[in-house]
Amino acid sequence: MEDAAKSAGIDQNMSQQLQRVLTADKDELFQVMQDQSDDLLIAALRNPNMDENHLLALLKRRGLPDEVFSIIYASKRLLESNKVVFALACHQETPVHIAQTLLPRFYILDLAKVCAKPGISADLKLLAERCIIQRLPPQPLGTKLTLARMGSSAVVEALLREGVPQLVEVCLDNPYLKEGAVHQ
């Protein structure tokens with residue numbers, strides 16, 4: 001009998017917390033983003049006051065349940081911001097299938113940032129490099145020069161193959177350049 005009363009108290013307490021989270025204002029939502037309860041975090045994603053800053057704060061956390069990533073990915077309202085899309089794709093715990101579908105939406109220089117970001121899985125980095133290489137031919141010279149400075153070894157190798165003298169000089173200064181790329 002006593003266990004049933006405790007259980008009813010816990011359920012009532014949880015329902016009150018969920019109601020508070022669903023109706024929280026913007027300031028209260030920042031406090032919710034620090035909460036350890038998965039149920040409260042998931043409920044907070046349904047709050048209409050949730051904005052870009054709340055999502056960015058949430059995506060800085062580790063140990064998030066997979067359901068959080070799925071809800072953010074499925075919501076057009078939550079994915080309106082490019083910063084949120086970038087943070088979601090680059091989060092170390094984002095499921096691979098979600099991150100892979102987000103990468104083609106990125107600008108070419110954002111893809112280069114993904115390649116340079118520590119902790120990115122090898123599959124994701126490889127996909128980002130492929131997206132960059134596919135988009136290289138129509139890019140203006142300025143973008144190519146920026147990629148030559150900050151690009152990964154595969155990107156620099158693709159730029160070297162273009163043979164533009166201005167690009168070659170900048171590519172040779174890239175710290176990621178591999179000896180085999182220069183030889184070819």
# chains A, B, ... in the order shown; residues from 1 in each chain; ligands from 1
>>> select_by_dssp(residues="region 85-151 of chain A", states="helix (DSSP H, G or I)", output="MDAnalysis selection string")
chainID A and resid 85:90 96:105 108:116 122:135 141:150
>>> residues_around(residues="region 123-140 of chain A", least_positions_apart="6", cutoff="12 Å", atoms="only C-alpha atoms", output="number ranges by chain")
A: 89-92, 94-117, 146-148, 151-162, 164, 167
>>> closest_residue(among="A:Leu58, A:Ile42, A:Pro118, A:Asp51", to="Ile71 (chain A)", atoms="only C-alpha atoms")
A:Ile42
>>> atom_distance(atom1="CA of Asp66 (chain A)", atom2="CA of Gln17 (chain A)")
21.6 Å
